>>> print(open('input04.cif').read())   # mmCIF, N, CA, C and O atoms
data_protein
#
loop_
_atom_site.label_atom_id
_atom_site.label_comp_id
_atom_site.auth_asym_id
_atom_site.auth_seq_id
_atom_site.Cartn_x
_atom_site.Cartn_y
_atom_site.Cartn_z
N MET A 1 178.46 83.67 72.90
CA MET A 1 177.47 83.64 73.97
C MET A 1 177.67 82.35 74.75
O MET A 1 177.70 81.27 74.18
N SER A 2 177.79 82.48 76.04
CA SER A 2 177.99 81.30 76.89
C SER A 2 176.67 80.56 77.07
O SER A 2 175.59 81.14 76.88
N PRO A 3 176.72 79.28 77.47
CA PRO A 3 175.48 78.54 77.72
C PRO A 3 174.60 79.22 78.76
O PRO A 3 173.38 79.23 78.63
N ALA A 4 175.21 79.82 79.78
CA ALA A 4 174.42 80.51 80.80
C ALA A 4 173.70 81.72 80.20
O ALA A 4 172.53 81.97 80.49
N ASP A 5 174.41 82.47 79.35
CA ASP A 5 173.79 83.63 78.68
C ASP A 5 172.65 83.19 77.77
O ASP A 5 171.61 83.85 77.70
N LEU A 6 172.86 82.09 77.09
CA LEU A 6 171.83 81.57 76.20
C LEU A 6 170.59 81.16 76.99
O LEU A 6 169.46 81.43 76.59
N HIS A 7 170.81 80.53 78.12
CA HIS A 7 169.69 80.12 78.98
C HIS A 7 168.91 81.35 79.45
O HIS A 7 167.67 81.36 79.40
N VAL A 8 169.60 82.38 79.87
CA VAL A 8 168.94 83.61 80.32
C VAL A 8 168.17 84.25 79.16
O VAL A 8 167.03 84.69 79.34
N PHE A 9 168.78 84.28 77.98
CA PHE A 9 168.12 84.85 76.81
C PHE A 9 166.79 84.14 76.54
O PHE A 9 165.75 84.78 76.36
N TRP A 10 166.81 82.81 76.48
CA TRP A 10 165.58 82.07 76.16
C TRP A 10 164.55 82.15 77.26
O TRP A 10 163.35 82.21 77.00
N ARG A 11 164.98 82.18 78.51
CA ARG A 11 164.03 82.32 79.61
C ARG A 11 163.33 83.68 79.52
O ARG A 11 162.12 83.78 79.62
N ARG A 12 164.09 84.73 79.28
CA ARG A 12 163.53 86.08 79.16
C ARG A 12 162.61 86.17 77.93
O ARG A 12 161.53 86.76 77.99
N THR A 13 163.03 85.57 76.83
CA THR A 13 162.22 85.60 75.60
C THR A 13 160.89 84.88 75.79
O THR A 13 159.84 85.39 75.40
N THR A 14 160.92 83.68 76.38
CA THR A 14 159.67 82.94 76.57
C THR A 14 158.75 83.64 77.56
O THR A 14 157.53 83.62 77.38
N GLU A 15 159.31 84.27 78.57
CA GLU A 15 158.48 85.02 79.52
C GLU A 15 157.82 86.21 78.81
O GLU A 15 156.65 86.51 79.06
N THR A 16 158.55 86.89 77.97
CA THR A 16 158.00 88.01 77.21
C THR A 16 156.88 87.53 76.30
O THR A 16 155.81 88.15 76.20
N LEU A 17 157.08 86.41 75.62
CA LEU A 17 156.06 85.87 74.71
C LEU A 17 154.80 85.46 75.46
O LEU A 17 153.69 85.58 74.94
N LYS A 18 154.94 84.98 76.69
CA LYS A 18 153.76 84.62 77.49
C LYS A 18 152.88 85.83 77.77
O LYS A 18 151.68 85.69 77.95
N GLN A 19 153.48 87.01 77.80
CA GLN A 19 152.75 88.24 78.07
C GLN A 19 152.21 88.90 76.80
O GLN A 19 151.52 89.92 76.87
N THR A 20 152.54 88.36 75.63
CA THR A 20 152.16 88.96 74.35
C THR A 20 150.84 88.38 73.86
O THR A 20 150.74 87.18 73.62
N PRO A 21 149.79 89.22 73.69
CA PRO A 21 148.55 88.72 73.12
C PRO A 21 148.79 88.29 71.67
O PRO A 21 149.44 89.00 70.90
N VAL A 22 148.28 87.14 71.29
CA VAL A 22 148.53 86.58 69.97
C VAL A 22 147.75 87.33 68.88
O VAL A 22 148.27 87.58 67.81
N ARG A 23 146.51 87.68 69.13
CA ARG A 23 145.64 88.36 68.15
C ARG A 23 145.71 87.71 66.77
O ARG A 23 145.96 88.37 65.77
N ALA A 24 145.45 86.43 66.71
CA ALA A 24 145.54 85.69 65.44
C ALA A 24 144.29 85.91 64.59
O ALA A 24 143.18 86.00 65.11
N THR A 25 144.51 86.00 63.28
CA THR A 25 143.41 86.08 62.32
C THR A 25 143.72 85.15 61.15
O THR A 25 144.88 84.87 60.84
N CYS A 26 142.65 84.66 60.53
CA CYS A 26 142.78 83.81 59.34
C CYS A 26 141.73 84.31 58.34
O CYS A 26 140.54 84.25 58.61
N THR A 27 142.20 84.84 57.21
CA THR A 27 141.34 85.47 56.22
C THR A 27 141.46 84.75 54.88
O THR A 27 142.58 84.44 54.44
N ASP A 28 140.32 84.49 54.25
CA ASP A 28 140.36 83.88 52.92
C ASP A 28 141.15 84.76 51.96
O ASP A 28 141.04 85.98 51.99
N ALA A 29 141.95 84.13 51.10
CA ALA A 29 142.76 84.85 50.12
C ALA A 29 142.45 84.28 48.74
O ALA A 29 143.21 83.50 48.17
N ALA A 30 141.30 84.66 48.22
CA ALA A 30 140.83 84.11 46.95
C ALA A 30 141.82 84.35 45.80
O ALA A 30 142.00 83.48 44.94
N ALA A 31 142.50 85.48 45.79
CA ALA A 31 143.43 85.79 44.71
C ALA A 31 144.64 84.85 44.72
O ALA A 31 145.27 84.63 43.68
N GLN A 32 144.98 84.27 45.87
CA GLN A 32 146.10 83.34 45.96
C GLN A 32 145.65 81.88 45.86
O GLN A 32 146.47 80.98 45.83
N SER A 33 144.35 81.63 45.86
CA SER A 33 143.83 80.27 45.76
C SER A 33 143.83 79.83 44.30
O SER A 33 143.88 80.64 43.38
N GLY A 34 143.78 78.53 44.10
CA GLY A 34 143.78 77.98 42.75
C GLY A 34 142.62 77.02 42.55
O GLY A 34 141.77 76.86 43.42
N ARG A 35 142.63 76.38 41.41
CA ARG A 35 141.55 75.44 41.08
C ARG A 35 141.55 74.24 42.03
O ARG A 35 140.49 73.71 42.36
N GLU A 36 142.73 73.83 42.49
CA GLU A 36 142.83 72.62 43.30
C GLU A 36 143.13 72.89 44.78
O GLU A 36 143.23 71.96 45.56
N TYR A 37 143.27 74.16 45.18
CA TYR A 37 143.62 74.45 46.57
C TYR A 37 143.00 75.76 47.03
O TYR A 37 142.64 76.62 46.21
N VAL A 38 142.87 75.91 48.34
CA VAL A 38 142.34 77.12 48.96
C VAL A 38 143.44 77.70 49.84
O VAL A 38 144.08 76.99 50.60
N THR A 39 143.65 79.01 49.72
CA THR A 39 144.69 79.68 50.49
C THR A 39 144.07 80.72 51.41
O THR A 39 143.14 81.41 51.03
N SER A 40 144.62 80.81 52.62
CA SER A 40 144.21 81.83 53.59
C SER A 40 145.44 82.60 54.05
O SER A 40 146.55 82.06 54.06
N LEU A 41 145.22 83.84 54.44
CA LEU A 41 146.28 84.65 55.04
C LEU A 41 146.14 84.53 56.56
O LEU A 41 145.08 84.85 57.11
N VAL A 42 147.19 84.07 57.21
CA VAL A 42 147.22 83.93 58.67
C VAL A 42 148.13 85.03 59.21
O VAL A 42 149.23 85.22 58.71
N GLN A 43 147.65 85.75 60.24
CA GLN A 43 148.45 86.81 60.86
C GLN A 43 148.37 86.67 62.37
O GLN A 43 147.33 86.30 62.91
N LEU A 44 149.48 86.98 63.05
CA LEU A 44 149.48 86.97 64.51
C LEU A 44 150.60 87.85 65.04
O LEU A 44 151.57 88.13 64.34
N ASP A 45 150.41 88.31 66.26
CA ASP A 45 151.42 89.13 66.91
C ASP A 45 152.44 88.23 67.60
O ASP A 45 152.10 87.17 68.11
N SER A 46 153.69 88.68 67.62
CA SER A 46 154.76 87.89 68.21
C SER A 46 155.70 88.78 69.00
O SER A 46 155.36 89.90 69.38
N PHE A 47 156.90 88.30 69.19
CA PHE A 47 157.93 88.94 70.01
C PHE A 47 158.15 90.40 69.62
O PHE A 47 158.24 90.72 68.43
N GLU A 48 158.20 91.25 70.61
CA GLU A 48 158.45 92.69 70.45
C GLU A 48 157.44 93.37 69.52
O GLU A 48 157.77 94.29 68.79
N GLY A 49 156.21 92.88 69.53
CA GLY A 49 155.15 93.51 68.76
C GLY A 49 155.21 93.28 67.27
O GLY A 49 154.49 93.93 66.51
N ARG A 50 156.03 92.36 66.84
CA ARG A 50 156.12 92.08 65.39
C ARG A 50 154.88 91.32 64.93
O ARG A 50 154.43 90.40 65.58
N ARG A 51 154.35 91.72 63.79
CA ARG A 51 153.19 91.06 63.19
C ARG A 51 153.70 90.03 62.19
O ARG A 51 154.37 90.39 61.21
N LEU A 52 153.41 88.76 62.43
CA LEU A 52 153.83 87.69 61.52
C LEU A 52 152.70 87.41 60.54
O LEU A 52 151.53 87.41 60.91
N ARG A 53 153.07 87.14 59.30
CA ARG A 53 152.09 86.82 58.26
C ARG A 53 152.56 85.57 57.52
O ARG A 53 153.75 85.41 57.27
N ALA A 54 151.58 84.73 57.16
CA ALA A 54 151.92 83.50 56.43
C ALA A 54 150.72 83.09 55.57
O ALA A 54 149.58 83.45 55.86
N TRP A 55 151.02 82.34 54.53
CA TRP A 55 149.97 81.74 53.70
C TRP A 55 149.73 80.33 54.22
O TRP A 55 150.67 79.59 54.49
N TYR A 56 148.45 79.95 54.32
CA TYR A 56 148.07 78.60 54.72
C TYR A 56 147.26 78.03 53.56
O TYR A 56 146.20 78.55 53.21
N THR A 57 147.78 76.98 52.93
CA THR A 57 147.15 76.42 51.73
C THR A 57 146.81 74.95 51.95
O THR A 57 147.64 74.18 52.46
N VAL A 58 145.58 74.57 51.59
CA VAL A 58 145.14 73.18 51.70
C VAL A 58 144.44 72.78 50.40
O VAL A 58 143.84 73.62 49.74
N PRO A 59 144.51 71.50 50.04
CA PRO A 59 143.82 71.05 48.84
C PRO A 59 142.30 71.13 49.01
O PRO A 59 141.78 70.96 50.11
N LYS A 60 141.59 71.39 47.92
CA LYS A 60 140.12 71.43 47.98
C LYS A 60 139.55 70.03 48.18
O LYS A 60 138.57 69.86 48.90
N ASP A 61 140.14 69.05 47.54
CA ASP A 61 139.66 67.67 47.63
C ASP A 61 140.57 66.86 48.52
O ASP A 61 141.40 66.07 48.04
N ARG A 62 140.42 67.04 49.82
CA ARG A 62 141.25 66.29 50.76
C ARG A 62 140.79 64.84 50.83
O ARG A 62 139.59 64.56 50.82
N VAL A 63 141.71 63.95 50.92
CA VAL A 63 141.41 62.52 51.03
C VAL A 63 140.96 62.24 52.46
O VAL A 63 141.59 62.68 53.42
N SER A 64 139.87 61.50 52.61
CA SER A 64 139.38 61.14 53.93
C SER A 64 140.45 60.38 54.70
O SER A 64 141.01 59.41 54.20
N GLY A 65 140.77 60.84 55.89
CA GLY A 65 141.80 60.20 56.70
C GLY A 65 143.21 60.60 56.30
O GLY A 65 144.18 60.17 56.91
N GLY A 66 143.36 61.44 55.28
CA GLY A 66 144.68 61.85 54.82
C GLY A 66 145.18 63.05 55.60
O GLY A 66 144.49 63.61 56.44
N ARG A 67 146.39 63.42 55.30
CA ARG A 67 146.98 64.59 55.97
C ARG A 67 146.93 65.79 55.06
O ARG A 67 146.99 65.73 53.89
#
>>> encode(input="input04.cif", output="structure tokens")
Amino acid sequence: MSPADLHVFWRRTTETLKQTPVRATCTDAAAQSGREYVTSLVQLDSFEGRRLRAWYTVPKDRVSGGR
């Protein structure tokens, strides 16, 4: 793929994504959570109508000012 083709590909892809509704959801996932952390299922729509899914996990006892 030439640099020009790559540029066209990414321009077309980003334009398509701008037109795609995200429809994001974040749902508690108690079965995946543990004693020290809480897990949620995150879902959103992406390129070509694909539904992306991911686990989002954070500690229950976060340190103030910590990451």
>>> select_by_dssp(input="input04.cif", residues="chain A", states="strand (DSSP E)", output="PyMOL selection string")
chain A and resi 25-28+37-45+51-59
>>> closest_residue(input="input04.cif", among="A:Leu41, A:Ala54, A:Leu6, A:Thr14", to="Thr27 of chain A", atoms="all atoms listed in the file")
A:Leu41
>>> closest_atom_pairs(input="input04.cif", of="segment 15-48 of chain A", to="segment 58-64 of chain A", cutoff="4.5 Å", atoms="all atoms listed in the file", output="Markdown table")
| residue | atom | partner | partner_atom | distance |
| --- | --- | --- | --- | --- |
| A:Glu36 | O | A:Lys60 | N | 2.9 |
| A:Tyr37 | CA | A:Val58 | O | 3.3 |
| A:Val38 | N | A:Val58 | O | 2.9 |
>>> residues_around(input="input04.cif", residues="Arg51 of chain A", least_positions_apart="6", cutoff="8 Å", atoms="only N, CA, C and O atoms", output="PDB file with N, CA, C and O atoms, in the coordinates of the input")
ATOM      1  N   VAL A  22     148.280  87.140  71.290  1.00  0.00           N
ATOM      2  CA  VAL A  22     148.530  86.580  69.970  1.00  0.00           C
ATOM      3  C   VAL A  22     147.750  87.330  68.880  1.00  0.00           C
ATOM      4  O   VAL A  22     148.270  87.580  67.810  1.00  0.00           O
ATOM      5  N   VAL A  42     147.190  84.070  57.210  1.00  0.00           N
ATOM      6  CA  VAL A  42     147.220  83.930  58.670  1.00  0.00           C
ATOM      7  C   VAL A  42     148.130  85.030  59.210  1.00  0.00           C
ATOM      8  O   VAL A  42     149.230  85.220  58.710  1.00  0.00           O
ATOM      9  N   GLN A  43     147.650  85.750  60.240  1.00  0.00           N
ATOM     10  CA  GLN A  43     148.450  86.810  60.860  1.00  0.00           C
ATOM     11  C   GLN A  43     148.370  86.670  62.370  1.00  0.00           C
ATOM     12  O   GLN A  43     147.330  86.300  62.910  1.00  0.00           O
ATOM     13  N   LEU A  44     149.480  86.980  63.050  1.00  0.00           N
ATOM     14  CA  LEU A  44     149.480  86.970  64.510  1.00  0.00           C
ATOM     15  C   LEU A  44     150.600  87.850  65.040  1.00  0.00           C
ATOM     16  O   LEU A  44     151.570  88.130  64.340  1.00  0.00           O
ATOM     17  N   ASP A  45     150.410  88.310  66.260  1.00  0.00           N
ATOM     18  CA  ASP A  45     151.420  89.130  66.910  1.00  0.00           C
ATOM     19  C   ASP A  45     152.440  88.230  67.600  1.00  0.00           C
ATOM     20  O   ASP A  45     152.100  87.170  68.110  1.00  0.00           O
TER      21      ASP A  45
END
>>> residues_near_point(input="input04.cif", point="(148.4, 80.2, 51.2)", cutoff="5 Å", atoms="only N, CA, C and O atoms", output="compact mmCIF listing (two decimals) with N, CA, C and O atoms, in the frame of the given file")
# COMPACT_ATOMS: atom_id res chain seq x y z
N THR A 39 143.65 79.01 49.72
CA THR A 39 144.69 79.68 50.49
C THR A 39 144.07 80.72 51.41
O THR A 39 143.14 81.41 51.03
N SER A 40 144.62 80.81 52.62
CA SER A 40 144.21 81.83 53.59
C SER A 40 145.44 82.60 54.05
O SER A 40 146.55 82.06 54.06
N TRP A 55 151.02 82.34 54.53
CA TRP A 55 149.97 81.74 53.70
C TRP A 55 149.73 80.33 54.22
O TRP A 55 150.67 79.59 54.49
N TYR A 56 148.45 79.95 54.32
CA TYR A 56 148.07 78.60 54.72
C TYR A 56 147.26 78.03 53.56
O TYR A 56 146.20 78.55 53.21
N THR A 57 147.78 76.98 52.93
CA THR A 57 147.15 76.42 51.73
C THR A 57 146.81 74.95 51.95
O THR A 57 147.64 74.18 52.46
>>> atom_distance(input="input04.cif", atom1="atom CA of Ser2 of chain A", atom2="atom CA of Glu48 of chain A")
23.5 Å
